[in-house]
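S.K.: My structure is stored as input.cif, with mmCIF, C-alpha atoms.
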```cif
data_protein
#
loop_
_atom_site.group_PDB
_atom_site.id
_atom_site.type_symbol
_atom_site.label_atom_id
_atom_site.label_comp_id
_atom_site.auth_asym_id
_atom_site.auth_seq_id
_atom_site.Cartn_x
_atom_site.Cartn_y
_atom_site.Cartn_z
ATOM 1 C CA MET A 19 -38.269 -54.929 -11.813
ATOM 2 C CA SER A 20 -41.746 -54.309 -13.332
ATOM 3 C CA ASP A 21 -45.377 -53.984 -12.335
ATOM 4 C CA THR A 22 -48.526 -54.614 -14.453
ATOM 5 C CA THR A 23 -51.270 -52.006 -14.392
ATOM 6 C CA HIS A 24 -55.028 -52.737 -14.517
ATOM 7 C CA GLU A 25 -54.991 -52.027 -18.319
ATOM 8 C CA GLY A 26 -52.267 -54.536 -18.919
ATOM 9 C CA ALA A 27 -49.493 -51.977 -19.501
ATOM 10 C CA VAL A 28 -46.135 -52.576 -17.998
ATOM 11 C CA ALA A 29 -44.684 -49.798 -15.796
ATOM 12 C CA LEU A 30 -41.042 -49.845 -14.843
ATOM 13 C CA SER A 31 -39.972 -48.911 -11.341
ATOM 14 C CA THR A 32 -36.531 -48.367 -9.854
ATOM 15 C CA PRO A 33 -35.315 -49.112 -6.370
ATOM 16 C CA PRO A 34 -35.093 -46.078 -4.089
ATOM 17 C CA SER A 35 -31.817 -44.141 -4.375
ATOM 18 C CA ALA A 36 -29.244 -44.377 -1.625
ATOM 19 C CA ASP A 37 -29.187 -40.554 -1.597
ATOM 20 C CA ALA A 38 -32.884 -40.204 -0.909
ATOM 21 C CA GLY A 39 -33.615 -38.075 2.107
ATOM 22 C CA LEU A 40 -30.137 -36.465 2.266
ATOM 23 C CA SER A 41 -29.940 -32.699 2.544
ATOM 24 C CA ALA A 42 -27.888 -30.589 0.139
ATOM 25 C CA ALA A 43 -25.155 -30.184 2.765
ATOM 26 C CA GLU A 44 -25.061 -33.943 3.360
ATOM 27 C CA LEU A 45 -24.872 -34.662 -0.360
ATOM 28 C CA ALA A 46 -22.011 -32.171 -0.738
ATOM 29 C CA ALA A 47 -20.143 -33.774 2.141
ATOM 30 C CA LYS A 48 -20.750 -37.294 0.745
ATOM 31 C CA TYR A 49 -19.329 -36.486 -2.683
ATOM 32 C CA GLY A 50 -16.633 -34.065 -1.593
ATOM 33 C CA LEU A 51 -18.230 -30.984 -3.137
ATOM 34 C CA THR A 52 -17.370 -27.446 -1.995
ATOM 35 C CA VAL A 53 -18.909 -24.044 -2.575
ATOM 36 C CA SER A 54 -17.404 -22.320 -5.607
ATOM 37 C CA GLY A 55 -15.361 -19.305 -4.511
ATOM 38 C CA ALA A 56 -15.672 -20.114 -0.803
ATOM 39 C CA ARG A 57 -13.175 -18.400 1.473
ATOM 40 C CA PRO A 58 -10.314 -20.728 2.450
ATOM 41 C CA GLY A 59 -8.811 -20.784 5.912
ATOM 42 C CA LEU A 60 -6.326 -18.059 6.745
ATOM 43 C CA PHE A 61 -3.202 -20.238 6.531
ATOM 44 C CA GLU A 62 -4.448 -21.917 3.370
ATOM 45 C CA TYR A 63 -5.070 -18.456 1.940
ATOM 46 C CA VAL A 64 -1.481 -17.458 2.704
ATOM 47 C CA ARG A 65 -0.286 -20.643 0.981
ATOM 48 C CA GLN A 66 -2.382 -19.876 -2.099
ATOM 49 C CA LEU A 67 -1.096 -16.306 -2.167
ATOM 50 C CA TRP A 68 2.500 -17.516 -2.016
ATOM 51 C CA GLY A 69 1.725 -19.863 -4.898
ATOM 52 C CA ARG A 70 0.713 -16.827 -6.982
ATOM 53 C CA ARG A 71 3.924 -14.910 -6.236
ATOM 54 C CA HIS A 72 5.085 -15.089 -9.866
ATOM 55 C CA PHE A 73 1.763 -13.661 -11.032
ATOM 56 C CA ILE A 74 2.013 -10.856 -8.436
ATOM 57 C CA THR A 75 5.493 -9.776 -9.537
ATOM 58 C CA ALA A 76 4.723 -10.079 -13.262
ATOM 59 C CA PHE A 77 1.466 -8.146 -12.873
ATOM 60 C CA SER A 78 3.196 -5.341 -10.957
ATOM 61 C CA ARG A 79 5.924 -5.043 -13.603
ATOM 62 C CA ALA A 80 3.354 -4.980 -16.406
ATOM 63 C CA LYS A 81 1.338 -2.257 -14.656
ATOM 64 C CA LEU A 82 4.477 -0.214 -14.056
ATOM 65 C CA THR A 83 5.511 -0.464 -17.716
ATOM 66 C CA ALA A 84 2.031 0.394 -18.978
ATOM 67 C CA GLN A 85 1.550 3.332 -16.599
ATOM 68 C CA TYR A 86 3.291 5.870 -18.835
ATOM 69 C CA SER A 87 3.231 3.943 -22.126
ATOM 70 C CA GLN A 88 1.234 6.703 -23.853
ATOM 71 C CA ALA A 89 3.603 9.495 -22.793
ATOM 72 C CA LYS A 90 6.528 10.496 -25.012
ATOM 73 C CA LEU A 91 8.929 10.543 -22.090
ATOM 74 C CA GLY A 92 7.676 7.137 -20.986
ATOM 75 C CA GLN A 93 9.120 5.811 -17.737
ATOM 76 C CA LEU A 94 10.979 9.080 -17.060
ATOM 77 C CA TRP A 95 7.715 10.380 -15.593
ATOM 78 C CA GLN A 96 8.174 7.920 -12.725
ATOM 79 C CA VAL A 97 10.986 10.181 -11.535
ATOM 80 C CA ALA A 98 9.905 13.506 -13.048
ATOM 81 C CA THR A 99 6.483 13.616 -11.351
ATOM 82 C CA PRO A 100 7.637 13.543 -7.686
ATOM 83 C CA LEU A 101 10.638 15.714 -8.574
ATOM 84 C CA LEU A 102 8.392 18.402 -10.078
ATOM 85 C CA ASN A 103 6.154 18.173 -7.005
ATOM 86 C CA ALA A 104 9.201 18.740 -4.810
ATOM 87 C CA LEU A 105 10.157 21.782 -6.883
ATOM 88 C CA VAL A 106 6.674 23.293 -6.514
ATOM 89 C CA TYR A 107 6.672 22.675 -2.745
ATOM 90 C CA TYR A 108 10.136 24.254 -2.453
ATOM 91 C CA LEU A 109 8.989 27.404 -4.259
ATOM 92 C CA ILE A 110 5.802 27.737 -2.170
ATOM 93 C CA PHE A 111 6.838 26.440 1.238
ATOM 94 C CA GLY A 112 10.611 26.897 1.225
ATOM 95 C CA LEU A 113 10.928 30.308 -0.420
ATOM 96 C CA ILE A 114 7.564 32.031 0.066
ATOM 97 C CA LEU A 115 6.306 30.630 3.387
ATOM 98 C CA GLY A 116 9.729 30.032 4.905
ATOM 99 C CA THR A 117 9.131 26.547 6.293
ATOM 100 C CA SER A 118 12.843 25.850 5.888
ATOM 101 C CA ARG A 119 13.657 27.751 9.069
ATOM 102 C CA GLY A 120 15.967 25.858 11.361
ATOM 103 C CA MET A 121 17.630 24.125 8.379
ATOM 104 C CA SER A 122 20.228 25.238 5.872
ATOM 105 C CA LYS A 123 19.528 24.913 2.159
ATOM 106 C CA GLU A 124 21.952 21.947 2.062
ATOM 107 C CA VAL A 125 19.665 20.119 4.498
ATOM 108 C CA PHE A 126 16.238 21.470 3.569
ATOM 109 C CA ILE A 127 16.231 20.581 -0.130
ATOM 110 C CA PRO A 128 17.241 16.909 0.438
ATOM 111 C CA PHE A 129 14.797 16.916 3.398
ATOM 112 C CA LEU A 130 11.964 18.097 1.134
ATOM 113 C CA VAL A 131 12.738 15.825 -1.821
ATOM 114 C CA THR A 132 13.046 12.785 0.464
ATOM 115 C CA GLY A 133 9.723 13.603 2.109
ATOM 116 C CA VAL A 134 7.914 14.005 -1.211
ATOM 117 C CA PHE A 135 9.324 10.776 -2.669
ATOM 118 C CA VAL A 136 8.656 8.686 0.449
ATOM 119 C CA PHE A 137 5.161 10.048 1.092
ATOM 120 C CA THR A 138 4.264 9.541 -2.585
ATOM 121 C CA PHE A 139 5.057 5.844 -2.063
ATOM 122 C CA THR A 140 2.357 5.595 0.620
ATOM 123 C CA GLN A 141 -0.080 7.876 -1.196
ATOM 124 C CA SER A 142 0.146 5.939 -4.472
ATOM 125 C CA SER A 143 -0.206 2.585 -2.688
ATOM 126 C CA VAL A 144 -3.389 3.742 -0.956
ATOM 127 C CA MET A 145 -4.913 5.198 -4.128
ATOM 128 C CA ALA A 146 -4.067 2.067 -6.113
ATOM 129 C CA GLY A 147 -5.538 -0.077 -3.335
ATOM 130 C CA VAL A 148 -8.873 1.744 -3.489
ATOM 131 C CA ARG A 149 -9.275 0.698 -7.145
ATOM 132 C CA ALA A 150 -7.571 -2.703 -6.873
ATOM 133 C CA ILE A 151 -10.844 -4.680 -6.934
ATOM 134 C CA SER A 152 -13.365 -2.237 -8.396
ATOM 135 C CA GLY A 153 -11.023 -1.366 -11.260
ATOM 136 C CA ASN A 154 -10.270 -4.989 -12.151
ATOM 137 C CA LEU A 155 -13.707 -6.620 -11.987
ATOM 138 C CA GLY A 156 -13.238 -8.373 -15.320
ATOM 139 C CA LEU A 157 -10.166 -10.178 -14.014
ATOM 140 C CA VAL A 158 -11.768 -10.895 -10.640
ATOM 141 C CA ARG A 159 -14.892 -12.433 -12.207
ATOM 142 C CA ALA A 160 -13.092 -14.372 -14.925
ATOM 143 C CA LEU A 161 -10.370 -16.133 -12.928
ATOM 144 C CA HIS A 162 -10.122 -17.841 -9.558
ATOM 145 C CA PHE A 163 -7.140 -16.615 -7.541
ATOM 146 C CA PRO A 164 -6.535 -15.064 -4.109
ATOM 147 C CA ARG A 165 -7.947 -11.554 -4.484
ATOM 148 C CA ALA A 166 -5.259 -10.173 -2.164
ATOM 149 C CA SER A 167 -2.879 -10.675 -5.093
ATOM 150 C CA LEU A 168 -4.177 -7.425 -6.623
ATOM 151 C CA PRO A 169 -3.577 -4.907 -3.796
ATOM 152 C CA VAL A 170 -0.272 -6.623 -2.938
ATOM 153 C CA SER A 171 0.774 -6.346 -6.580
ATOM 154 C CA PHE A 172 -0.134 -2.650 -6.697
ATOM 155 C CA SER A 173 1.901 -1.966 -3.555
ATOM 156 C CA LEU A 174 4.836 -3.806 -5.110
ATOM 157 C CA GLN A 175 4.431 -1.680 -8.231
ATOM 158 C CA GLN A 176 4.722 1.488 -6.138
ATOM 159 C CA LEU A 177 7.806 0.114 -4.370
ATOM 160 C CA GLN A 178 9.475 -0.498 -7.725
ATOM 161 C CA GLN A 179 8.591 3.028 -8.793
ATOM 162 C CA LEU A 180 10.123 4.428 -5.593
ATOM 163 C CA LEU A 181 13.327 2.469 -6.177
ATOM 164 C CA TYR A 182 13.658 4.075 -9.619
ATOM 165 C CA SER A 183 13.066 7.474 -8.004
ATOM 166 C CA MET A 184 15.755 6.756 -5.397
ATOM 167 C CA ILE A 185 18.383 7.130 -8.136
ATOM 168 C CA VAL A 186 17.446 10.801 -8.519
ATOM 169 C CA LEU A 187 17.065 11.162 -4.748
ATOM 170 C CA VAL A 188 20.632 9.956 -4.211
ATOM 171 C CA ILE A 189 21.899 12.423 -6.831
ATOM 172 C CA VAL A 190 20.094 15.299 -5.072
ATOM 173 C CA ILE A 191 21.365 14.285 -1.632
ATOM 174 C CA VAL A 192 24.972 13.885 -2.786
ATOM 175 C CA GLY A 193 24.715 17.149 -4.729
ATOM 176 C CA PHE A 194 23.923 18.976 -1.480
ATOM 177 C CA GLY A 195 26.802 17.487 0.474
ATOM 178 C CA SER A 196 25.519 14.286 2.114
ATOM 179 C CA TYR A 197 27.787 11.452 1.006
ATOM 180 C CA PRO A 198 27.251 7.689 1.424
ATOM 181 C CA THR A 199 28.011 6.270 4.864
ATOM 182 C CA LEU A 200 27.059 3.105 6.715
ATOM 183 C CA SER A 201 23.907 4.853 7.941
ATOM 184 C CA TRP A 202 22.530 4.646 4.386
ATOM 185 C CA LEU A 203 21.999 0.907 4.995
ATOM 186 C CA LEU A 204 19.211 1.874 7.426
ATOM 187 C CA VAL A 205 17.102 2.756 4.385
ATOM 188 C CA VAL A 206 16.565 -0.970 3.718
ATOM 189 C CA PRO A 207 14.719 -1.879 6.973
ATOM 190 C CA ALA A 208 12.854 1.447 6.860
ATOM 191 C CA LEU A 209 11.547 0.734 3.341
ATOM 192 C CA ILE A 210 10.633 -2.843 4.255
ATOM 193 C CA MET A 211 8.557 -1.594 7.183
ATOM 194 C CA GLN A 212 6.912 1.053 5.012
ATOM 195 C CA PHE A 213 6.124 -1.503 2.297
ATOM 196 C CA VAL A 214 4.419 -3.810 4.816
ATOM 197 C CA PHE A 215 2.480 -0.860 6.235
ATOM 198 C CA ASN A 216 1.456 0.345 2.760
ATOM 199 C CA THR A 217 0.356 -3.147 1.730
ATOM 200 C CA GLY A 218 -1.840 -3.518 4.806
ATOM 201 C CA LEU A 219 -3.378 -0.112 4.152
ATOM 202 C CA ALA A 220 -3.920 -0.981 0.468
ATOM 203 C CA LEU A 221 -5.713 -4.204 1.497
ATOM 204 C CA ILE A 222 -8.023 -2.258 3.805
ATOM 205 C CA MET A 223 -8.789 0.306 1.125
ATOM 206 C CA ALA A 224 -9.300 -2.418 -1.503
ATOM 207 C CA ARG A 225 -12.089 -4.002 0.544
ATOM 208 C CA LEU A 226 -13.703 -0.634 1.282
ATOM 209 C CA GLY A 227 -13.356 0.498 -2.338
ATOM 210 C CA SER A 228 -14.862 -2.719 -3.712
ATOM 211 C CA LYS A 229 -18.255 -1.763 -2.256
ATOM 212 C CA THR A 230 -17.925 2.033 -2.232
ATOM 213 C CA PRO A 231 -16.509 3.254 -5.570
ATOM 214 C CA ASP A 232 -17.025 6.882 -4.502
ATOM 215 C CA LEU A 233 -14.209 6.384 -2.003
ATOM 216 C CA ALA A 234 -11.766 6.945 -4.870
ATOM 217 C CA GLN A 235 -13.091 10.513 -5.189
ATOM 218 C CA LEU A 236 -12.750 11.206 -1.456
ATOM 219 C CA MET A 237 -9.287 9.771 -0.837
ATOM 220 C CA PRO A 238 -7.263 12.533 -2.585
ATOM 221 C CA PHE A 239 -8.565 15.014 0.020
ATOM 222 C CA VAL A 240 -7.750 12.604 2.852
ATOM 223 C CA MET A 241 -4.246 11.981 1.512
ATOM 224 C CA ARG A 242 -3.577 15.703 1.028
ATOM 225 C CA THR A 243 -4.568 16.375 4.638
ATOM 226 C CA TRP A 244 -2.347 13.526 5.813
ATOM 227 C CA MET A 245 0.564 14.912 3.782
ATOM 228 C CA TYR A 246 0.286 18.374 5.359
ATOM 229 C CA ALA A 247 0.092 16.829 8.835
ATOM 230 C CA SER A 248 3.146 14.606 8.340
ATOM 231 C CA GLY A 249 5.902 17.173 7.961
ATOM 232 C CA VAL A 250 6.629 16.591 4.285
ATOM 233 C CA MET A 251 7.441 20.278 3.709
ATOM 234 C CA PHE A 252 8.569 21.328 7.201
ATOM 235 C CA SER A 253 10.185 20.077 10.369
ATOM 236 C CA ILE A 254 7.474 19.189 12.886
ATOM 237 C CA THR A 255 9.707 19.893 15.885
ATOM 238 C CA VAL A 256 10.645 23.375 14.613
ATOM 239 C CA MET A 257 7.269 24.505 13.253
ATOM 240 C CA LEU A 258 5.315 23.366 16.335
ATOM 241 C CA GLU A 259 7.770 24.476 19.022
ATOM 242 C CA ASP A 260 5.220 27.026 20.329
ATOM 243 C CA GLN A 261 2.404 24.443 20.479
ATOM 244 C CA PRO A 262 1.648 22.011 23.314
ATOM 245 C CA ASP A 263 4.132 19.146 23.350
ATOM 246 C CA TRP A 264 1.455 16.492 22.758
ATOM 247 C CA VAL A 265 0.509 18.037 19.385
ATOM 248 C CA GLY A 266 4.001 17.572 18.015
ATOM 249 C CA ARG A 267 4.201 14.050 19.438
ATOM 250 C CA VAL A 268 0.957 13.003 17.776
ATOM 251 C CA LEU A 269 2.167 14.273 14.401
ATOM 252 C CA GLN A 270 5.637 12.769 14.824
ATOM 253 C CA TYR A 271 4.273 9.337 15.715
ATOM 254 C CA ASN A 272 1.945 9.114 12.734
ATOM 255 C CA PRO A 273 3.322 6.388 10.432
ATOM 256 C CA ALA A 274 3.912 8.578 7.374
ATOM 257 C CA ALA A 275 6.124 10.906 9.438
ATOM 258 C CA ILE A 276 7.894 7.949 11.075
ATOM 259 C CA TYR A 277 9.022 6.379 7.794
ATOM 260 C CA MET A 278 9.956 9.707 6.198
ATOM 261 C CA ASP A 279 12.085 10.711 9.165
ATOM 262 C CA LEU A 280 13.821 7.320 9.360
ATOM 263 C CA ILE A 281 14.924 7.633 5.742
ATOM 264 C CA ARG A 282 15.892 11.287 6.177
ATOM 265 C CA TYR A 283 17.973 10.360 9.221
ATOM 266 C CA ALA A 284 19.680 7.583 7.270
ATOM 267 C CA LEU A 285 20.525 9.677 4.194
ATOM 268 C CA ILE A 286 20.985 13.323 5.245
ATOM 269 C CA ASP A 287 24.081 14.272 7.262
ATOM 270 C CA GLY A 288 22.544 17.362 8.890
ATOM 271 C CA TYR A 289 19.357 15.614 9.984
ATOM 272 C CA GLY A 290 20.256 14.097 13.334
ATOM 273 C CA SER A 291 18.523 11.920 15.905
ATOM 274 C CA GLU A 292 17.222 15.011 17.746
ATOM 275 C CA ASN A 293 14.593 15.281 15.001
ATOM 276 C CA LEU A 294 13.241 11.790 15.733
ATOM 277 C CA PRO A 295 10.768 10.833 18.467
ATOM 278 C CA PRO A 296 11.884 8.352 21.153
ATOM 279 C CA HIS A 297 11.782 4.631 20.276
ATOM 280 C CA VAL A 298 11.224 5.504 16.616
ATOM 281 C CA TRP A 299 12.314 2.106 15.231
ATOM 282 C CA ILE A 300 10.029 0.212 17.609
ATOM 283 C CA VAL A 301 7.116 2.473 16.690
ATOM 284 C CA GLY A 302 7.805 2.026 12.971
ATOM 285 C CA LEU A 303 7.915 -1.755 13.371
ATOM 286 C CA ALA A 304 4.710 -1.724 15.432
ATOM 287 C CA TRP A 305 2.846 0.303 12.790
ATOM 288 C CA ALA A 306 4.005 -2.062 10.045
ATOM 289 C CA ALA A 307 3.107 -5.237 11.965
ATOM 290 C CA PHE A 308 -0.285 -3.991 13.144
ATOM 291 C CA ILE A 309 -1.544 -2.473 9.878
ATOM 292 C CA GLY A 310 0.015 -5.231 7.758
ATOM 293 C CA LEU A 311 -1.620 -8.058 9.720
ATOM 294 C CA ALA A 312 -4.920 -6.278 10.392
ATOM 295 C CA GLY A 313 -5.249 -5.266 6.750
ATOM 296 C CA PHE A 314 -4.589 -8.793 5.531
ATOM 297 C CA VAL A 315 -7.144 -10.382 7.874
ATOM 298 C CA TYR A 316 -9.722 -7.663 7.153
ATOM 299 C CA PHE A 317 -9.386 -8.217 3.396
ATOM 300 C CA TRP A 318 -9.425 -12.027 3.703
ATOM 301 C CA LYS A 319 -12.697 -12.030 5.626
ATOM 302 C CA ALA A 320 -14.561 -10.704 2.547
ATOM 303 C CA GLU A 321 -12.731 -12.903 0.028
ATOM 304 C CA GLU A 322 -15.828 -14.686 -1.310
ATOM 305 C CA ARG A 323 -17.724 -11.412 -1.865
ATOM 306 C CA TYR A 324 -15.317 -9.654 -4.223
ATOM 307 C CA GLY A 325 -16.670 -9.289 -7.757
ATOM 308 C CA ARG A 326 -20.217 -10.269 -6.814
ATOM 309 C CA GLY A 327 -23.327 -8.151 -6.730
#
```
What would the structure in this file look like if it were written as structure tokens?
M.R.:
Amino acid sequence: MSDTTHEGAVALSTPPSADAGLSAAELAAKYGLTVSGARPGLFEYVRQLWGRRHFITAFSRAKLTAQYSQAKLGQLWQVATPLLNALVYYLIFGLILGTSRGMSKEVFIPFLVTGVFVFTFTQSSVMAGVRAISGNLGLVRALHFPRASLPVSFSLQQLQQLLYSMIVLVIVIVGFGSYPTLSWLLVVPALIMQFVFNTGLALIMARLGSKTPDLAQLMPFVMRTWMYASGVMFSITVMLEDQPDWVGRVLQYNPAAIYMDLIRYALIDGYGSENLPPHVWIVGLAWAAFIGLAGFVYFWKAEERYGRG
């Protein structure tokens, strides 16, 4: 179609577009366009995360292998580090401060080593979660994948490290007279609950750490305080017997103490049910379900903001 101007030139004109007058949102809806990096629905997010399960496991194994690649002893440090920590705590707390009272050496040393190994699992998961996003910005900005894959992968890495450490833990426990029984099978549900709890906590810390890098400098002090309040180096019931009953209950029901005591109860012959708070399995399950679900939802709600700004 053409029109002639007053100077005799020919000007071409086109019919009005069918998209004229549509807003950006209407155009996007018409042509099936979506916002890049938009947060999917919660169930869709879970489906996407499950689809990346091979990446999560491979990434956790690679991180675990690379962790001590520069050290001459290599992967032996996975076991040596918590074992050396347990030795230091035994010298300071067991021998000098006498926190072993109420327990024989055959019970206290496995008690202490178990506590150090199990609490280190939670501590390392939290510290890795803080840096899960902020420490992997190149990966986050370069590829599109559910960002929860990173903190979940780091928690899985710490679980694998604990399982390696359990070999030494079993040797220590057997060496001090606690031999395998059916109760050792209780370690499996206890570790599953702790893993879910740790993963939820790592997801929470990953979101907080993505916007506040200084959190990584603060968390070691928080974790050290939590360790001292969780009965890693002493029996809460014995050490606080002169304190009001509610103080001991609060410390016993904190999740780190719950999971440590469940595993101690399962593995150590001289550590009986009298050292556990009432309804301990229900409380452990409740902590895992609440923190695991709340942490996942809390992290998912900021999915589209990770790696930006």
S.K.: State, in Å with one decimal place, the distance from atom CA of Ala166 of chain A to atom CA of Gly69 of chain A.
M.R.: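 Atom-to-atom, atom CA of Ala166 of chain A and atom CA of Gly69 of chain A are spaced 12.3 Å apart.
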S.K.: Mind telling me what the PyMOL selection byres ((chain A and resi 315-325) around 10) catches here, as a PyMOL selection string?
M.R.: chain A and resi 53-60+63-64+151-152+154-160+164-166+169+218+220-226+228-229+309-314+326-327
S.K.: For C-alpha atoms, I'd like the residues from the last selection saved as a PDB file, in the coordinates of the input.
M.R.:
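For reference, out.pdb as written:
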```
ATOM      1  CA  VAL A  53     -18.909 -24.044  -2.575  1.00  0.00           C
ATOM      2  CA  SER A  54     -17.404 -22.320  -5.607  1.00  0.00           C
ATOM      3  CA  GLY A  55     -15.361 -19.305  -4.511  1.00  0.00           C
ATOM      4  CA  ALA A  56     -15.672 -20.114  -0.803  1.00  0.00           C
ATOM      5  CA  ARG A  57     -13.175 -18.400   1.473  1.00  0.00           C
ATOM      6  CA  PRO A  58     -10.314 -20.728   2.450  1.00  0.00           C
ATOM      7  CA  GLY A  59      -8.811 -20.784   5.912  1.00  0.00           C
ATOM      8  CA  LEU A  60      -6.326 -18.059   6.745  1.00  0.00           C
ATOM      9  CA  TYR A  63      -5.070 -18.456   1.940  1.00  0.00           C
ATOM     10  CA  VAL A  64      -1.481 -17.458   2.704  1.00  0.00           C
ATOM     11  CA  ILE A 151     -10.844  -4.680  -6.934  1.00  0.00           C
ATOM     12  CA  SER A 152     -13.365  -2.237  -8.396  1.00  0.00           C
ATOM     13  CA  ASN A 154     -10.270  -4.989 -12.151  1.00  0.00           C
ATOM     14  CA  LEU A 155     -13.707  -6.620 -11.987  1.00  0.00           C
ATOM     15  CA  GLY A 156     -13.238  -8.373 -15.320  1.00  0.00           C
ATOM     16  CA  LEU A 157     -10.166 -10.178 -14.014  1.00  0.00           C
ATOM     17  CA  VAL A 158     -11.768 -10.895 -10.640  1.00  0.00           C
ATOM     18  CA  ARG A 159     -14.892 -12.433 -12.207  1.00  0.00           C
ATOM     19  CA  ALA A 160     -13.092 -14.372 -14.925  1.00  0.00           C
ATOM     20  CA  PRO A 164      -6.535 -15.064  -4.109  1.00  0.00           C
ATOM     21  CA  ARG A 165      -7.947 -11.554  -4.484  1.00  0.00           C
ATOM     22  CA  ALA A 166      -5.259 -10.173  -2.164  1.00  0.00           C
ATOM     23  CA  PRO A 169      -3.577  -4.907  -3.796  1.00  0.00           C
ATOM     24  CA  GLY A 218      -1.840  -3.518   4.806  1.00  0.00           C
ATOM     25  CA  ALA A 220      -3.920  -0.981   0.468  1.00  0.00           C
ATOM     26  CA  LEU A 221      -5.713  -4.204   1.497  1.00  0.00           C
ATOM     27  CA  ILE A 222      -8.023  -2.258   3.805  1.00  0.00           C
ATOM     28  CA  MET A 223      -8.789   0.306   1.125  1.00  0.00           C
ATOM     29  CA  ALA A 224      -9.300  -2.418  -1.503  1.00  0.00           C
ATOM     30  CA  ARG A 225     -12.089  -4.002   0.544  1.00  0.00           C
ATOM     31  CA  LEU A 226     -13.703  -0.634   1.282  1.00  0.00           C
ATOM     32  CA  SER A 228     -14.862  -2.719  -3.712  1.00  0.00           C
ATOM     33  CA  LYS A 229     -18.255  -1.763  -2.256  1.00  0.00           C
ATOM     34  CA  ILE A 309      -1.544  -2.473   9.878  1.00  0.00           C
ATOM     35  CA  GLY A 310       0.015  -5.231   7.758  1.00  0.00           C
ATOM     36  CA  LEU A 311      -1.620  -8.058   9.720  1.00  0.00           C
ATOM     37  CA  ALA A 312      -4.920  -6.278  10.392  1.00  0.00           C
ATOM     38  CA  GLY A 313      -5.249  -5.266   6.750  1.00  0.00           C
ATOM     39  CA  PHE A 314      -4.589  -8.793   5.531  1.00  0.00           C
ATOM     40  CA  ARG A 326     -20.217 -10.269  -6.814  1.00  0.00           C
ATOM     41  CA  GLY A 327     -23.327  -8.151  -6.730  1.00  0.00           C
TER      42      GLY A 327
END
```
S.K.: Within 12 Å of (4.4, 20.3, -6.1) in the file's own coordinates, which protein, DNA or RNA residues have an atom, counting all atoms listed in the file? List them as an NGL selection string.
M.R.: :A and (98-112 or 130-131 or 133-135 or 138 or 242 or 245 or 250-251)
S.K.: How big is the axis-aligned box around the listed atoms of segment 170-187 of chain A once 6 Å is added on each side, and where is its centre? Give both in Å to one decimal, as AutoDock Vina command-line options.
M.R.:
```
--center_x 9.1 --center_y 2.3 --center_z -6.3 --size_x 30.7 --size_y 29.8 --size_z 18.7
```
S.K.: Can you measure atom CA of Tyr289 of chain A to atom CA of Ala306 of chain A for me? One decimal in Å is fine.
M.R.: 23.4 Å
S.K.: Using Å and a single decimal, report how far atom CA of Met184 of chain A sits from atom CA of Tyr271 of chain A.
M.R.: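 These two atoms are separated by 24.2 Å.
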S.K.: Using the chain letters and numbers from the file, which residues does the PyMOL selection byres ((chain A and resi 211) around 9) grab, as a list in words?
M.R.: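 Evaluating the PyMOL selection byres ((chain A and resi 211) around 9) on these coordinates yields Val206, Pro207, Ala208, Leu209, Ile210, Gln212, Phe213, Val214, Phe215, Asn216, Tyr277, Gly302, Leu303, Trp305, Ala306 and Ala307 of chain A.
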S.K.: Restricting the calculation to all atoms listed in the file: of A:Val148, A:Val136, A:Val205, A:Leu200, which residue gets closest to Pro273 of chain A?
M.R.: A:Val136
S.K.: Which residues come within 10 Å of Leu203 of chain A, counting all atoms listed in the file, excluding same-chain residues fewer than 6 positions away, as a PyMOL selection string?
M.R.: chain A and resi 281+284-285
S.K.: How would you write, as a list in words, the residues chosen by the PyMOL selection byres ((chain A and resi 170-173) around 6) on this structure?
M.R.: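 Applied to this file, the PyMOL selection byres ((chain A and resi 170-173) around 6) selects Ile74, Ser78, Ser143, Ser167, Leu168, Pro169, Leu174, Gln175, Gln176 and Thr217 of chain A.
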S.K.: For each of A:Asn272, A:Phe126, A:Thr132, A:Ile254, take the minimum atom-to-atom distance to Val188 of chain A, counting all atoms listed in the file, then give the residue where this is smallest.
M.R.: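 Among the listed residues, A:Thr132 lies closest to Val188 of chain A.
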S.K.: Pick out the closest residue to Val265 of chain A from this set: A:Ala247, A:Ala84, A:Leu177, A:Ala76. Count all atoms listed in the file.
M.R.: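 Of all the options, A:Ala247 lies closest to Val265 of chain A.
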S.K.: Give me, as a ChimeraX atom specification, all polymer residues having an atom no more than 9 Å from Glu124 of chain A, counting all atoms listed in the file and skipping those fewer than 4 positions away in the same chain.
M.R.: /A:128-129,191,193-196,288
S.K.: Using only C-alpha atoms, which of the listed residues (A:Phe137, A:Val256, A:Ala150, A:Lys81) sits closest to Met278 of chain A?
M.R.: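 Using only C-alpha atoms, Met278 of chain A sits closest to A:Phe137.
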